[in-house]
Amino acid sequence: MKKNVKKVENKGIDSTELIMALDELEKERGIKKDYVIESIETALVTAYKRNFDVTSDNVKITLNRETGETHVYEEPEIPEDAQMLLEDAKKIDPRYNEGDVVEKELMPKNFGRIAAQTAKQVIVQRIREASREVIFSEFNEKKGEIVSGIVQKVDKNIVVLDLGKIEGIMPIKEQIPTEHYYVNQKLRACVANVEKGAKGSTQIIVSRANNDFLRKLFELEIPEIYEGLIEIKSISRDPGKRCKVAVYSPNENIINELSGEKIDVIEWNEDPSTYIAEALLPAKVMAVDIKDEERFAQVIVPDDQLSLAIGKAGQNARLAAKLTNWKIDIKSESQFREMIQELQANGEEKEEAESEEVADDVASVDETNVEEANEIENTENVETSEENKDEE
């Protein structure tokens, strides 16, 4: 079937700026120029039919990829035995025959303005779609990674984070129960899930409670884990309270060099009480009483933790004392209570003894005073007798 086109000049849309804009979009945002042009052509056909009451499907609109010129064509097919239509077609181009599709270019009034508006709407829409797709792809690749954001809203069940290009939602199940969030707070969280919502919008679910968040924190803060020298095998976590991390290193040079010596890694803390409690791990510590001047620490542990705190042959307590450079005395809870009772009992006995001593002293003083009084009285009696003799 032969297809002939009769060209008629129709400037349509301001083409130069349009093509430049499409080239710029493709360069900066990765939105394909041909994809946008095809979308504009489809939208223009719909706009043409709506504005000019055309019901026929034989309408085609083309936008030149190089110049941006817009052309509107009507494409009626010449049926067999349609002598009238064939004659009209041959007036356009003598080469038309039966069965050919005639492209008759139209020049609708004011269509240039309509085309410009339609093109603008299509471009804006495609930019939005492309931006959504870019954001979706970007965060979909970040699943399991840590992102930083600022708290924008705190509701009863959700926290909304500003992640820059988009907001992230942290549901209550992804929050750490012991944490309290507030507006403008800076937070780090893990991208837990990326979903496409209504109208193609992207929804980001972030978490501070899942295992991936803890795993990535270790990778960020410990270079050996990031570099693969140490591998995290498993994580068990009660968010905000406690977690256990199983690690493995294919490089056993250190352990082999130390003949299987066990290595405990603890967190240093400037607070002596906390530091000493950490040094005595894995034993649980109830309380640490510090005497700074003597660098002495009285440690109280549960009864069932005493042997663990002291260690085999006192190893755990000895190493903790050397590590912290503090004298450490460890007592079980029951031992500590007995010590307090003994001190209280000794204190009462001492008070009784002191009371008896004071009573003895008072009695002694009273006896002395009586003797002195008698001596004074005898002396006075003697002196009186002598005076009476003299008078006689």
# chains A, B, ... in the order shown; residues from 1 in each chain; ligands from 1
$ select_by_dssp --residues "range 192-303 of chain A" --states "strand (DSSP E or B)" --output "ChimeraX atom specification"
/A:192-196,202-207,231-238,242-248,287-291,296-301
$ residues_around --residues "Asn193 in chain A" --least-positions-apart "2" --cutoff "7 Å" --atoms "only C-alpha atoms" --output "list in words"
Lys143, Val191, Glu195, Ile204, Ile205 and Val206 of chain A
$ write_last_selection --atoms "C-alpha atoms" --output "PDB file, in the first residue's frame"
ATOM      1  CA  LYS A 143      17.685  -1.390  51.019  1.00  0.00           C
ATOM      2  CA  VAL A 191      16.070   1.521  54.761  1.00  0.00           C
ATOM      3  CA  GLU A 195       7.230   0.521  47.889  1.00  0.00           C
ATOM      4  CA  ILE A 204      10.202   4.588  52.148  1.00  0.00           C
ATOM      5  CA  ILE A 205      10.006   2.516  55.349  1.00  0.00           C
ATOM      6  CA  VAL A 206      12.969   3.055  57.700  1.00  0.00           C
TER       7      VAL A 206
END
$ residues_around --residues "range 211-228 of chain A" --least-positions-apart "3" --cutoff "9 Å" --atoms "only C-alpha atoms" --output "JSON, numbers by chain"
{"A": [144, 145, 146, 188, 189, 190, 191, 192, 207, 208, 231, 232, 235, 236, 237, 245, 249]}
$ write_last_selection --atoms "N, CA and C atoms" --output "CSV table (one decimal), in the first residue's frame"
chain,number,residue,atom,x,y,z
A,144,GLY,N,18.5,-1.9,53.2
A,144,GLY,CA,19.5,-2.5,54.2
A,144,GLY,C,20.6,-1.5,54.5
A,145,GLU,N,20.7,-0.4,53.8
A,145,GLU,CA,21.7,0.6,54.1
A,145,GLU,C,21.2,1.7,55.1
A,146,ILE,N,22.2,2.4,55.7
A,146,ILE,CA,21.8,3.4,56.7
A,146,ILE,C,21.7,4.8,56.0
A,188,ARG,N,19.8,8.5,62.5
A,188,ARG,CA,20.2,7.5,61.4
A,188,ARG,C,19.3,6.3,61.5
A,189,ALA,N,18.9,5.8,60.4
A,189,ALA,CA,18.0,4.6,60.3
A,189,ALA,C,18.3,3.8,59.1
A,190,CYS,N,17.9,2.6,59.1
A,190,CYS,CA,18.1,1.7,58.0
A,190,CYS,C,16.9,1.6,57.1
A,191,VAL,N,17.2,1.6,55.7
A,191,VAL,CA,16.1,1.5,54.8
A,191,VAL,C,15.6,0.1,54.8
A,192,ALA,N,14.4,-0.1,55.4
A,192,ALA,CA,13.8,-1.4,55.5
A,192,ALA,C,13.1,-1.9,54.3
A,207,SER,N,14.0,1.9,59.6
A,207,SER,CA,13.9,1.2,60.9
A,207,SER,C,15.2,1.5,61.7
A,208,ARG,N,15.0,1.5,63.0
A,208,ARG,CA,16.1,1.5,63.9
A,208,ARG,C,16.1,0.3,64.8
A,231,GLU,N,33.6,-11.2,59.9
A,231,GLU,CA,32.2,-11.4,59.3
A,231,GLU,C,31.2,-11.6,60.4
A,232,ILE,N,30.1,-10.8,60.3
A,232,ILE,CA,29.0,-11.0,61.2
A,232,ILE,C,28.1,-12.2,60.7
A,235,ILE,N,22.8,-12.2,64.2
A,235,ILE,CA,22.4,-11.1,65.2
A,235,ILE,C,21.1,-11.5,65.8
A,236,SER,N,21.0,-11.4,67.1
A,236,SER,CA,19.8,-11.6,67.9
A,236,SER,C,19.6,-10.3,68.8
A,237,ARG,N,18.4,-9.7,68.7
A,237,ARG,CA,18.3,-8.4,69.3
A,237,ARG,C,17.0,-8.2,70.0
A,245,VAL,N,25.7,-10.7,69.1
A,245,VAL,CA,26.3,-10.7,67.7
A,245,VAL,C,27.3,-11.8,67.6
A,249,SER,N,36.0,-14.8,62.0
A,249,SER,CA,37.1,-14.3,61.2
A,249,SER,C,37.8,-15.4,60.5
$ atom_distance --atom1 "CA of Ile300 in chain A" --atom2 "CA of Thr178 in chain A"
26.4 Å
$ residues_around --residues "Val159 in chain A" --least-positions-apart "2" --cutoff "9 Å" --atoms "only C-alpha atoms" --output "list in words"
Val151, Gln152, Lys153, Val154, Asp155, Lys156, Asn157, Leu161, Gly168, Ile169, Met170, Pro171, Ile172, Gln175, Tyr181 and Tyr182 of chain A
$ residues_around --residues "Arg65 in chain A" --least-positions-apart "6" --cutoff "8 Å" --atoms "only C-alpha atoms" --output "list in words"
Ile19, Asp34 and Ile37 of chain A
$ atom_distance --atom1 "CA of Ala313 in chain A" --atom2 "CA of Ile330 in chain A"
13.8 Å
$ residues_around --residues "Gly311 in chain A" --least-positions-apart "2" --cutoff "12 Å" --atoms "only C-alpha atoms" --output "number ranges by chain"
A: 280-283, 305-309, 313-320, 330
$ residues_around --residues "Thr46 in chain A" --least-positions-apart "4" --cutoff "10 Å" --atoms "only C-alpha atoms" --output "list in words"
Ile40, Glu41, Thr42, Arg50, Asn51, Val54, Val59, Ile61 and Thr118 of chain A
